[in-house]
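Data block for structure-v4.cif (mmCIF, C-alpha atoms and all ligand atoms):
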```
data_upload
#
loop_
_atom_site.label_atom_id
_atom_site.label_comp_id
_atom_site.auth_asym_id
_atom_site.auth_seq_id
_atom_site.Cartn_x
_atom_site.Cartn_y
_atom_site.Cartn_z
CA MET A 1 -15.87 -8.87 44.36
CA PRO A 2 -17.89 -6.22 46.27
CA LEU A 3 -20.81 -5.68 43.99
CA ALA A 4 -23.13 -3.44 45.95
CA ALA A 5 -21.16 -0.33 45.12
CA ALA A 6 -20.82 -1.43 41.53
CA ASN A 7 -24.60 -1.80 41.12
CA HIS A 8 -25.15 1.79 42.10
CA ALA A 9 -22.52 2.90 39.67
CA THR A 10 -24.37 1.10 36.85
CA ALA A 11 -27.66 2.73 37.57
CA ARG A 12 -25.86 6.05 37.26
CA SER A 13 -23.87 5.27 34.19
CA ARG A 14 -26.89 3.73 32.48
CA ARG A 15 -28.67 7.06 32.64
CA VAL A 16 -25.76 8.65 30.85
CA ALA A 17 -25.24 6.05 28.15
CA ALA A 18 -28.71 4.63 27.46
CA PRO A 19 -30.93 5.79 24.57
CA ALA A 20 -33.77 8.22 25.43
CA SER A 21 -36.55 5.59 25.55
CA GLU A 22 -34.64 3.49 28.04
CA VAL A 23 -33.93 6.51 30.17
CA ARG A 24 -37.66 7.16 30.35
CA VAL A 25 -38.34 3.59 31.43
CA ALA A 26 -35.67 3.86 34.06
CA ARG A 27 -37.14 7.09 35.35
CA LEU A 28 -40.60 5.53 35.56
CA ALA A 29 -39.10 2.62 37.42
CA ASP A 30 -37.31 5.07 39.69
CA ALA A 31 -40.56 6.85 40.39
CA LYS A 32 -42.35 3.62 41.21
CA LYS A 33 -39.68 2.05 43.36
CA ALA A 34 -38.44 5.25 44.89
CA ALA A 35 -34.71 4.75 45.80
CA ALA A 36 -34.39 1.12 44.67
CA PRO A 37 -31.63 0.81 42.00
CA VAL A 38 -32.45 -0.80 38.68
CA ALA A 39 -30.29 -3.87 38.07
CA VAL A 40 -29.78 -4.05 34.32
CA VAL A 41 -26.96 -6.54 34.40
CA ASP A 42 -26.04 -9.15 36.94
CA GLU A 43 -22.95 -9.82 39.02
CA THR A 44 -21.42 -12.09 36.39
CA PHE A 45 -21.38 -9.16 33.98
CA TYR A 46 -19.26 -7.10 36.39
CA ARG A 47 -16.88 -9.96 36.91
CA GLN A 48 -16.52 -10.37 33.16
CA LEU A 49 -16.16 -6.62 32.67
CA VAL A 50 -13.19 -6.43 35.01
CA ALA A 51 -11.72 -9.64 33.60
CA SER A 52 -12.00 -8.33 30.01
CA MET A 53 -10.32 -5.01 30.70
CA ARG A 54 -7.08 -4.47 28.89
CA ASN A 55 -5.76 -2.50 31.85
CA GLY A 56 -4.62 -3.99 35.09
CA VAL A 57 -7.23 -3.54 37.80
CA LEU A 58 -6.44 -3.94 41.48
CA ALA A 59 -8.96 -2.90 44.13
CA ILE A 60 -8.42 -3.05 47.88
CA THR A 61 -10.76 -2.59 50.82
CA ARG A 62 -10.21 -0.14 53.66
CA LYS A 63 -9.11 -3.09 55.75
CA GLY A 64 -6.21 -3.63 53.37
CA THR A 65 -7.45 -6.80 51.70
CA ILE A 66 -7.63 -7.49 47.98
CA ALA A 67 -11.16 -6.94 46.61
CA VAL A 68 -10.52 -7.35 42.89
CA ILE A 69 -7.48 -8.32 40.87
CA ASN A 70 -7.69 -9.17 37.17
CA ASP A 71 -5.50 -11.29 34.87
CA VAL A 72 -3.69 -8.32 33.36
CA ALA A 73 -2.70 -7.19 36.85
CA TYR A 74 -1.23 -10.60 37.60
CA ARG A 75 0.63 -10.53 34.30
CA VAL A 76 2.07 -7.04 34.79
CA PHE A 77 3.14 -7.82 38.35
CA GLY A 78 4.65 -11.10 37.19
CA LEU A 79 2.60 -13.11 39.71
CA PRO A 80 0.87 -16.47 39.29
CA ASN A 81 -2.89 -16.11 38.90
CA ARG A 82 -4.42 -17.36 42.21
CA PRO A 83 -8.19 -16.91 42.70
CA ASP A 84 -7.83 -17.25 46.50
CA ASP A 85 -5.82 -14.01 46.66
CA VAL A 86 -9.12 -12.11 46.94
CA GLY A 87 -9.66 -11.46 50.64
CA LYS A 88 -5.94 -11.73 51.47
CA PRO A 89 -3.97 -8.68 52.68
CA PHE A 90 -2.53 -6.84 49.67
CA ALA A 91 0.72 -6.45 51.61
CA GLU A 92 1.10 -10.23 51.43
CA VAL A 93 0.09 -10.74 47.79
CA LEU A 94 2.23 -7.86 46.51
CA ARG A 95 5.14 -8.24 48.91
CA HIS A 96 7.67 -8.31 46.06
CA HIS A 97 6.58 -4.88 44.84
CA PRO A 98 7.40 -2.38 47.61
CA GLU A 99 6.60 0.54 45.27
CA VAL A 100 3.01 -0.68 44.86
CA LEU A 101 2.69 -1.39 48.59
CA ARG A 102 3.78 2.18 49.35
CA LEU A 103 1.27 3.56 46.86
CA LEU A 104 -1.67 1.50 48.11
CA GLY A 105 -0.63 1.95 51.73
CA GLY A 106 -1.10 5.71 51.37
CA ALA A 107 -4.25 5.49 49.24
CA PHE A 108 -6.60 6.44 52.09
CA ASP A 109 -4.47 9.31 53.38
CA LEU A 110 -4.31 11.20 50.14
CA SER A 111 -6.87 13.84 49.27
CA HIS A 112 -5.45 14.38 45.79
CA LEU A 113 -4.99 11.02 44.09
CA PRO A 114 -2.43 10.50 41.32
CA ASN A 115 -3.90 10.47 37.81
CA ARG A 116 -1.98 9.14 34.79
CA ALA A 117 1.17 8.88 36.89
CA GLU A 118 4.11 6.52 36.38
CA LEU A 119 5.69 4.02 38.72
CA ARG A 120 8.85 1.97 38.22
CA LEU A 121 8.67 -1.63 39.45
CA ARG A 122 12.33 -2.16 40.25
CA SER A 123 12.21 -5.89 40.79
CA LEU A 124 10.87 -6.37 37.22
CA GLY A 125 12.53 -3.39 35.55
CA LYS A 126 9.11 -2.30 34.33
CA VAL A 127 7.32 1.02 34.24
CA ILE A 128 3.57 1.18 34.78
CA GLY A 129 1.28 4.09 34.03
CA TYR A 130 -1.52 4.24 36.62
CA THR A 131 -4.50 6.08 38.01
CA LEU A 132 -5.59 5.63 41.61
CA CYS A 133 -9.23 6.20 42.64
CA HIS A 134 -11.26 5.90 45.79
CA VAL A 135 -14.27 3.60 45.76
CA LYS A 136 -17.10 5.51 47.41
CA ASP A 137 -20.57 4.46 48.52
CA ASP A 138 -23.74 6.46 47.86
CA ALA A 139 -23.13 8.62 50.86
CA GLY A 140 -19.60 9.43 49.64
CA ALA A 141 -17.86 7.33 52.28
CA ILE A 142 -14.64 5.75 51.07
CA GLY A 143 -14.89 1.98 51.17
CA GLY A 144 -11.81 1.09 49.13
CA ALA A 145 -9.29 2.12 46.53
CA VAL A 146 -8.71 0.94 42.99
CA LEU A 147 -5.62 1.09 40.86
CA PHE A 148 -5.98 1.07 37.06
CA PHE A 149 -2.70 0.55 35.32
CA LYS A 150 -0.87 -0.40 32.15
CA ASP A 151 2.62 -1.72 31.40
CA LEU A 152 4.46 1.18 29.75
CA THR A 153 7.82 -0.55 29.31
CA HIS A 154 7.33 -1.12 25.58
CA VAL A 155 6.05 2.44 25.03
CA GLU A 156 9.04 3.76 26.95
CA GLN A 157 11.47 1.76 24.86
CA LEU A 158 9.90 3.03 21.65
CA GLU A 159 10.10 6.61 22.87
CA GLU A 160 13.71 6.14 23.89
CA ARG A 161 14.53 4.74 20.44
CA GLU A 162 12.72 7.67 18.83
CA ARG A 163 14.70 10.14 20.94
CA LEU A 164 17.96 8.38 20.08
CA ARG A 165 17.11 8.52 16.36
CA ASP A 166 16.39 12.24 16.61
CA ARG A 167 19.65 12.83 18.44
CA LEU A 168 21.62 10.86 15.88
CA ALA A 169 19.95 12.68 12.98
CA ALA A 170 20.83 16.03 14.58
CA LEU A 171 24.37 14.82 15.22
CA GLY A 172 24.64 13.70 11.59
CA GLU A 173 23.54 17.10 10.31
CA MET A 174 26.01 18.83 12.58
CA ALA A 175 28.86 16.56 11.45
CA ALA A 176 27.97 17.15 7.80
CA GLY A 177 28.01 20.92 8.42
CA ILE A 178 31.40 20.83 10.11
CA ALA A 179 32.85 18.59 7.40
CA HIS A 180 31.69 21.00 4.68
CA GLU A 181 33.23 23.93 6.51
CA LEU A 182 36.53 22.10 6.89
CA LYS A 183 36.80 21.01 3.27
CA ASN A 184 37.51 24.49 1.87
CA PRO A 185 40.28 25.60 4.25
CA LEU A 186 41.96 22.20 3.79
CA ALA A 187 41.87 22.52 0.01
CA GLY A 188 43.23 26.09 0.38
CA LEU A 189 46.07 24.79 2.54
CA GLU A 190 47.14 22.35 -0.17
CA VAL A 191 47.06 25.01 -2.90
CA MET A 192 49.12 27.46 -0.82
CA ALA A 193 51.60 24.73 0.08
CA GLY A 194 52.04 24.13 -3.65
CA LEU A 195 52.87 27.83 -4.21
CA LEU A 196 55.27 27.84 -1.29
CA ARG A 197 57.02 24.72 -2.57
CA ARG A 198 58.17 26.61 -5.67
CA GLN A 199 59.83 29.24 -3.50
CA LEU A 200 61.56 26.73 -1.29
CA GLN A 201 63.25 24.64 -3.97
CA ASP A 202 66.72 25.51 -2.58
CA SER A 203 65.91 24.72 1.03
CA PRO A 204 65.54 20.94 1.53
CA ASP A 205 64.80 21.21 5.27
CA ALA A 206 61.95 23.67 4.74
CA LEU A 207 60.67 21.52 1.87
CA SER A 208 60.54 18.43 4.04
CA ILE A 209 58.55 20.31 6.70
CA LEU A 210 56.24 21.54 3.96
CA ASN A 211 55.75 18.00 2.71
CA ASP A 212 54.80 16.95 6.24
CA ILE A 213 52.26 19.78 6.39
CA VAL A 214 50.78 18.66 3.08
CA SER A 215 50.49 15.04 4.11
CA GLU A 216 48.85 16.03 7.42
CA ALA A 217 46.37 18.19 5.49
CA ARG A 218 45.63 15.28 3.15
CA LEU A 219 45.00 13.02 6.11
CA ALA A 220 42.61 15.57 7.62
CA ASN A 221 40.92 15.82 4.23
CA ALA A 222 40.51 12.05 4.02
CA ILE A 223 38.90 12.01 7.47
CA VAL A 224 36.52 14.81 6.49
CA HIS A 225 35.67 12.89 3.30
CA ASP A 226 34.91 9.71 5.28
CA MET A 227 32.82 11.66 7.74
CA LEU A 228 30.74 13.13 4.93
CA GLU A 229 30.32 9.70 3.35
CA PHE A 230 29.18 8.34 6.68
CA VAL A 231 26.61 10.97 7.57
CA ARG A 232 25.30 11.68 4.08
CA PRO A 233 21.89 10.16 3.31
CA LEU A 234 22.44 7.29 0.94
CA ARG A 235 20.55 7.56 -2.33
CA LEU A 236 21.36 4.51 -4.38
CA GLN A 237 21.80 4.84 -8.14
CA VAL A 238 20.94 1.28 -9.05
CA GLU A 239 22.25 -0.49 -12.15
CA LYS A 240 23.04 -4.05 -13.19
CA VAL A 241 26.53 -4.46 -11.86
CA VAL A 242 29.26 -6.91 -12.92
CA ILE A 243 31.03 -7.64 -9.66
CA THR A 244 34.27 -8.79 -11.31
CA ASN A 245 34.88 -5.38 -12.93
CA LEU A 246 33.96 -3.63 -9.75
CA LEU A 247 36.42 -5.63 -7.67
CA ARG A 248 39.21 -4.86 -10.15
CA ASP A 249 38.51 -1.12 -9.76
CA ALA A 250 38.39 -1.47 -5.98
CA ILE A 251 41.86 -3.08 -5.94
CA THR A 252 43.29 -0.20 -8.01
CA MET A 253 41.58 2.34 -5.76
CA ALA A 254 42.79 0.65 -2.56
CA GLU A 255 46.36 0.49 -3.87
CA SER A 256 46.30 4.23 -4.51
CA LYS A 257 45.46 4.81 -0.86
CA VAL A 258 48.00 2.55 0.83
CA SER A 259 51.55 1.36 0.24
CA PRO A 260 50.94 -2.16 -1.10
CA GLY A 261 54.60 -3.15 -0.72
CA GLU A 262 54.94 -6.83 -1.56
CA THR A 263 51.34 -7.73 -0.83
CA ARG A 264 50.00 -10.43 -3.17
CA VAL A 265 46.38 -10.28 -4.28
CA ILE A 266 44.69 -13.46 -5.45
CA ALA A 267 41.20 -13.31 -6.93
CA GLN A 268 39.14 -16.49 -7.26
CA LEU A 269 35.82 -15.52 -8.75
CA ALA A 270 33.32 -18.10 -9.97
CA PRO A 271 32.63 -17.73 -13.72
CA ASP A 272 28.85 -17.85 -13.16
CA LEU A 273 28.76 -14.82 -10.82
CA PRO A 274 25.45 -13.17 -11.70
CA LYS A 275 25.05 -9.44 -12.27
CA ILE A 276 23.42 -7.76 -9.32
CA SER A 277 21.15 -4.74 -8.97
CA ALA A 278 23.24 -2.32 -6.99
CA ASP A 279 24.89 1.08 -6.87
CA PRO A 280 28.33 0.52 -8.46
CA HIS A 281 29.89 3.58 -6.84
CA GLN A 282 28.77 2.52 -3.37
CA LEU A 283 29.85 -1.09 -3.85
CA SER A 284 33.23 0.05 -5.08
CA GLN A 285 33.58 2.14 -1.92
CA LEU A 286 32.53 -0.88 0.17
CA PHE A 287 35.19 -3.20 -1.31
CA THR A 288 37.83 -0.47 -1.36
CA ASN A 289 37.38 0.08 2.37
CA LEU A 290 37.67 -3.66 3.10
CA LEU A 291 40.74 -3.96 0.87
CA VAL A 292 42.41 -0.89 2.42
CA ASN A 293 41.97 -2.50 5.83
CA ALA A 294 43.42 -5.76 4.55
CA TYR A 295 46.46 -3.98 3.05
CA GLU A 296 46.95 -2.04 6.27
CA ALA A 297 46.70 -5.23 8.33
CA LEU A 298 49.47 -6.78 6.23
CA GLY A 299 51.82 -3.80 6.37
CA GLY A 300 53.29 -4.55 2.94
CA LYS A 301 53.83 -8.30 3.42
CA GLY A 302 51.31 -11.08 2.97
CA THR A 303 48.42 -12.24 0.80
CA ILE A 304 44.91 -10.96 0.22
CA THR A 305 42.51 -13.52 -1.22
CA ILE A 306 39.28 -12.39 -2.83
CA THR A 307 36.77 -15.14 -3.43
CA GLY A 308 33.35 -14.84 -5.10
CA TRP A 309 30.47 -17.36 -5.35
CA ARG A 310 26.87 -17.43 -6.28
CA GLU A 311 24.76 -18.49 -3.31
CA ASP A 312 21.17 -18.66 -2.25
CA ILE A 313 19.93 -16.75 0.76
CA GLU A 314 16.69 -17.28 2.59
CA THR A 315 14.30 -14.34 2.56
CA ILE A 316 10.71 -13.96 3.69
CA GLY A 317 8.18 -13.56 0.86
CA GLU A 318 6.75 -10.07 0.45
CA THR A 319 3.10 -10.94 0.96
CA THR A 320 3.31 -14.32 2.64
CA LEU A 321 5.45 -15.74 5.35
CA ASP A 322 7.01 -18.23 2.91
CA VAL A 323 10.73 -18.55 3.08
CA LEU A 324 12.10 -17.96 -0.40
CA GLN A 325 15.49 -18.92 -1.73
CA SER A 326 16.85 -15.77 -3.35
CA PRO A 327 20.05 -15.78 -5.37
CA ALA A 328 22.89 -13.77 -3.91
CA VAL A 329 26.54 -13.08 -4.46
CA ARG A 330 29.01 -13.85 -1.72
CA ILE A 331 32.36 -12.11 -1.66
CA ASP A 332 35.06 -13.00 0.86
CA ILE A 333 38.00 -10.68 1.40
CA ALA A 334 40.61 -12.49 3.46
CA ASP A 335 44.08 -11.50 4.60
CA ASP A 336 46.73 -13.46 6.46
CA GLY A 337 47.61 -10.59 8.78
CA ALA A 338 47.62 -10.39 12.55
CA GLY A 339 43.87 -10.91 12.99
CA ILE A 340 41.58 -8.90 15.25
CA PRO A 341 41.90 -9.31 19.04
CA GLY A 342 38.70 -10.32 20.87
CA GLU A 343 38.32 -7.05 22.78
CA VAL A 344 38.55 -5.06 19.52
CA LEU A 345 36.23 -7.28 17.47
CA ASP A 346 33.02 -6.07 19.12
CA ARG A 347 33.77 -2.49 18.21
CA ILE A 348 35.16 -2.57 14.68
CA PHE A 349 31.88 -1.43 13.07
CA ASP A 350 31.41 1.46 15.54
CA PRO A 351 31.87 4.87 13.96
CA PHE A 352 35.20 6.46 14.96
CA PHE A 353 36.57 3.25 16.44
CA THR A 354 40.13 2.79 15.22
CA SER A 355 43.24 1.00 16.42
CA LYS A 356 45.45 2.92 13.96
CA PRO A 357 47.30 6.13 14.82
CA GLU A 358 46.05 7.77 11.63
CA GLY A 359 42.75 5.95 11.16
CA SER A 360 39.37 7.66 10.90
CA GLY A 361 37.50 4.66 12.29
CA LEU A 362 34.80 5.23 9.67
CA GLY A 363 35.78 2.67 7.03
CA LEU A 364 33.73 -0.23 8.41
CA ALA A 365 30.89 2.03 9.58
CA ILE A 366 30.50 3.11 5.95
CA VAL A 367 30.78 -0.51 4.79
CA ARG A 368 27.95 -1.46 7.13
CA LYS A 369 25.80 1.40 5.92
CA ILE A 370 26.29 0.41 2.26
CA VAL A 371 25.66 -3.30 2.90
CA GLY A 372 22.48 -2.40 4.81
CA ALA A 373 21.23 -0.17 2.00
CA HIS A 374 21.63 -3.12 -0.40
CA GLU A 375 19.77 -5.44 1.98
CA GLY A 376 22.86 -7.58 2.30
CA SER A 377 24.79 -8.83 5.27
CA ILE A 378 28.38 -8.75 6.46
CA ASP A 379 30.23 -11.17 8.69
CA VAL A 380 33.75 -11.32 9.98
CA ALA A 381 35.84 -14.32 10.95
CA THR A 382 39.24 -13.77 12.49
CA ARG A 383 41.93 -15.71 14.28
CA PRO A 384 44.75 -13.87 16.05
CA GLY A 385 48.01 -14.55 14.26
CA GLU A 386 46.32 -16.15 11.25
CA GLY A 387 44.27 -13.46 9.59
CA THR A 388 40.83 -12.00 9.00
CA CYS A 389 38.07 -12.69 6.52
CA PHE A 390 35.16 -10.32 5.83
CA ARG A 391 32.24 -12.03 4.10
CA VAL A 392 29.75 -9.85 2.23
CA MET A 393 26.45 -11.27 0.96
CA LEU A 394 24.51 -9.19 -1.54
CA PRO A 395 21.15 -10.24 -2.95
CA VAL A 396 21.03 -10.30 -6.74
CA ALA A 397 17.74 -8.36 -6.67
CA PRO A 398 17.06 -6.57 -3.38
CA LEU A 399 13.36 -6.15 -2.58
CA SER A 400 13.25 -2.38 -2.23
CA MET A 401 16.07 -0.78 -4.10
CA SER A 402 14.37 2.61 -4.21
CA ARG A 403 14.66 3.04 -0.47
CA GLU A 404 16.62 5.94 0.95
CA THR A 405 18.88 5.04 3.82
CA PHE A 406 19.94 7.69 6.24
CA SER A 407 23.24 6.91 7.92
CA ASN A 408 24.15 3.43 9.06
CA PHE A 409 21.99 3.53 12.16
CA HIS A 410 19.15 2.14 10.10
CA GLY A 411 21.37 -0.27 8.23
CA ARG A 412 21.18 -3.99 8.73
CA VAL A 413 24.26 -6.00 9.54
N1 LIG A 501 41.57 -6.84 7.95
C1 LIG A 501 41.71 -6.39 9.22
N2 LIG A 501 42.67 -6.93 10.02
C2 LIG A 501 42.82 -6.49 11.29
N3 LIG A 501 42.07 -5.51 11.86
C3 LIG A 501 41.12 -4.95 11.11
C4 LIG A 501 40.88 -5.36 9.76
N4 LIG A 501 39.85 -4.62 9.29
C5 LIG A 501 39.48 -3.79 10.29
N5 LIG A 501 40.24 -3.97 11.37
C6 LIG A 501 40.10 -3.28 12.68
O1 LIG A 501 38.89 -2.52 12.65
C7 LIG A 501 39.19 -1.15 12.97
C8 LIG A 501 38.18 -0.26 12.29
O2 LIG A 501 38.38 -0.25 10.89
P1 LIG A 501 37.84 0.96 10.05
O3 LIG A 501 36.45 1.24 10.42
O4 LIG A 501 38.13 0.69 8.62
O5 LIG A 501 38.69 2.19 10.58
P2 LIG A 501 40.24 2.51 10.36
O6 LIG A 501 40.73 1.64 9.25
O7 LIG A 501 40.26 3.97 10.01
O8 LIG A 501 40.88 2.23 11.67
C9 LIG A 501 40.61 -0.97 12.54
O9 LIG A 501 41.21 0.12 13.22
C10 LIG A 501 41.23 -2.31 12.93
O10 LIG A 501 41.48 -2.35 14.33
MG MG A 502 39.74 1.41 7.45
#
```

Give the structure from the file, written as C-alpha cells.
Amino acid sequence: MPLAAANHATARSRRVAAPASEVRVARLADAKKAAAPVAVVDETFYRQLVASMRNGVLAITRKGTIAVINDVAYRVFGLPNRPDDVGKPFAEVLRHHPEVLRLLGGAFDLSHLPNRAELRLRSLGKVIGYTLCHVKDDAGAIGGAVLFFKDLTHVEQLEERERLRDRLAALGEMAAGIAHELKNPLAGLEVMAGLLRRQLQDSPDALSILNDIVSEARLANAIVHDMLEFVRPLRLQVEKVVITNLLRDAITMAESKVSPGETRVIAQLAPDLPKISADPHQLSQLFTNLLVNAYEALGGKGTITITGWREDIETIGETTLDVLQSPAVRIDIADDGAGIPGEVLDRIFDPFFTSKPEGSGLGLAIVRKIVGAHEGSIDVATRPGEGTCFRVMLPVAPLSMSRETFSNFHGRV
C-alpha cells in the first residue's frame, strides 16, 4: 500500500478532527520541525483502516497496477482474495469485469470524476454505487485513482418491490373505483329488464332475448362483485368459528351459484374438530369459491369429498426461535373431475386467470388472500383425468388476528 500520500492526508485530517489541545501540540510540532509531517498512527493503522471499511476500496497507480484492494472489494467483484494481486495490472485482476476496466481505464483522462454514480456488473448481475477519486500528492500531482463502492443489488431489489407495491395499491384503488361505478348501472339494468318483462309476456322470442340480457348482466355483476372482494382491504371480524356449520353453509351457497346436477357431496369431518378464531364470513367465501370450482370441474356429474382433521402445524415462537407445535384445522376439498393440466397449474392463483368462458379468474385469488389473512396455507394436488384436491390449513389461534391485510399481494400461500 502506498503510504506516503496517506501520511500527509492524516496530518491534515488530524487538524480537523482533533481536540483543541492536540491541535496546539501539533502546531508547535509543526513550528519546530517546519514541513515535517506528524505521524500519529503507523502504517498498520492505515492497512487496518482500509481493511475495516464497509465499502469496497480499490486503488490503482498511474502505471495501471493495483495499489490497494480490500476484502469487501473482492467479495463484491466475486473474486478470490489473493494478497499478491497488489502490484499486478488491474486489467489482469479485473478482467472479468469490463465495466470496471473501462471506468478505471479512463480515470486519469477525466477532469470531472463520477460521484455517487451507479455501475451494472453484467457478469454478476449486480449493481454497484461508486465514487471515483484521484489520489494526489502534496503538490497536487495525480499519482493514482481510488474507487469507493458498495453493492446496491439488495437496495435496488427493495426499491423495486416498493415500487411494485405502490403500483399494485394504485391499481387496486382504480379497480375498486371502476367496480363501484359499474354496480349501479348493472343493478338498474336488471330492474328495467324486470319492468320490460311484464310488457313482453305475449312475445316469447323477445322474452328469451330479455332473459339472455338479464343473465349477461348478472354475470357482469358477479365479476364486479369478485373484483371488489379481491381489491378491498380485508378487515377480519374474528369469532370462534365451528367449521362444520360453516362448511354446510358454503355447500348451500355454492349450489345456489352453479347447476349441481347429479354431483354427490360427501363430508367426512372428524368429531374433534376444534373451533378456530377466524372471520366466518371470509371463511365461508373461501370454501364457497373452492366448492364452486369443484362443481364446475365436474359439470354436473361426479363426487366432491370434503374431509376435515385436526392437525398440528409448526410455527416459530413469537419471542424465541423455538419451533412450536400449534393446533390447526385441515380441510381437503377434492373432486374427481378432469384435473388441472400442468401448464395451467402454475397460474391458477393469479388474479384474472381463468380457463372458463364465463369465469372471472378471481375465485382462487380471493381464496389465497383470505387464507393469508388467517395465517394459513393452501396446497393443491391434481392428476389429469383423476381429479383435484385443495388442502387448506388454518391455525386454531393465529398469532396476529388484528392485522389488516390489503389485497392478496401481501398474503401468504
Ligand atoms: N377443482 C378444479 N378442477 C379443475 N380446475 C380448477 C379447479 N379449481 C380451479 N381450477 C382452475 O383454476 C382456474 C382459476 O380458478 P378461479 O380463480 O376460481 O377462477 P374461475 O373459476 O373464475 O375460472 C380455473 O379457471 C380452472 O382452470
Ligand atoms: Mg372459480

Å distance separating CA of Ala187 (chain A) from CA of Ser360 (chain A), one decimal place: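 Computing the Euclidean distance for CA of Ala187 (chain A) and CA of Ser360 (chain A) yields 18.6 Å.
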
Expected selection as a ChimeraX atom specification for ligand MG 502 (chain A) within 12 Å, only C-alpha atoms and all ligand atoms: /A:222-223,226,254,257-258,285-297,348-367

Shortest interatomic distance to ligand LIG 501 (chain A) - which of A:Ala145, A:Leu79, A:Val214, A:Ile304, counting all atoms listed in the file: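 Of the candidates, the smallest distance to ligand LIG 501 (chain A) is held by A:Ile304.
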
Top pick for closest residue to ligand LIG 501 (chain A), considering A:Phe230, A:Thr307, A:Val329, A:Arg102 and counting all atoms listed in the file: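 With all atoms listed in the file as the atom set, the closest residue is A:Phe230.
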
Computed interatomic separation between CA of Ile378 (chain A) and CA of Asp332 (chain A) (Å): 9.7 Å

Counting only C-alpha atoms, the residue of A:Glu181, A:Asp212, A:Asp379, A:Asp249 that sits nearest Ala193 (chain A):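 Distance minimum relative to Ala193 (chain A) lands on A:Asp212.
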
Polymer residues at most 9 Å from region 195-197 of chain A, all atoms listed in the file, same-chain spacing of 6 or more positions, as a list in words: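 Once the adjacent positions are removed, what remains is Ala206, Leu207, Leu210 and Asn211 of chain A.
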
Computed interatomic separation between CA of Gly302 (chain A) and CA of Glu386 (chain A) (Å): 10.9 Å

Of the listed residues A:Glu173, A:Glu190, A:Glu118, A:Asp109, that which approaches Gly144 (chain A) most closely, counting all atoms listed in the file: A:Asp109

Which residue of A:Ile209, A:Pro233, A:Leu132, A:Pro114 approaches Gly172 (chain A) most closely, using only C-alpha atoms: A:Pro233

Distance query Val72 (chain A) at most 10 Å, only C-alpha atoms, self and fewer than 2 positions along chain excluded, as a VMD selection string: chain A and resid 50 to 58 69 to 70 74 to 78 81 149 to 151

Nearest residue to ligand LIG 501 (chain A) from the set A:Met227, A:Ile276, A:Leu101, A:Leu269 (distances using only C-alpha atoms and all ligand atoms):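 Closest to ligand LIG 501 (chain A) of all the choices is A:Met227.
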
Protein and nucleic acid residues near (33.1, -17.4, -9.6) (cut-off 12 Å, only C-alpha atoms) as a list in words: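 Here the neighbourhood of the point contains Val242, Ile243, Thr244, Ala267, Gln268, Leu269, Ala270, Pro271, Asp272, Leu273, Pro274, Lys275, Ile306, Thr307, Gly308, Trp309, Arg310, Glu311, Val329, Arg330, Ile331 and Asp332 of chain A.
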
Test item: residues at most 8 Å from Thr303 (chain A), only C-alpha atoms, excluding those fewer than 6 positions along its chain, as a list in words: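 In the requested form, the answer reads Thr263, Arg264, Val265, Ile266, Asp335 and Asp336 of chain A.
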
Save the residues we just selected, C-alpha atoms, as a PDB file, in the coordinates of the input?
```pdb
ATOM      1  CA  THR A 263      51.340  -7.730  -0.830  1.00  0.00           C
ATOM      2  CA  ARG A 264      50.000 -10.430  -3.170  1.00  0.00           C
ATOM      3  CA  VAL A 265      46.380 -10.280  -4.280  1.00  0.00           C
ATOM      4  CA  ILE A 266      44.690 -13.460  -5.450  1.00  0.00           C
ATOM      5  CA  ASP A 335      44.080 -11.500   4.600  1.00  0.00           C
ATOM      6  CA  ASP A 336      46.730 -13.460   6.460  1.00  0.00           C
TER       7      ASP A 336
END
```
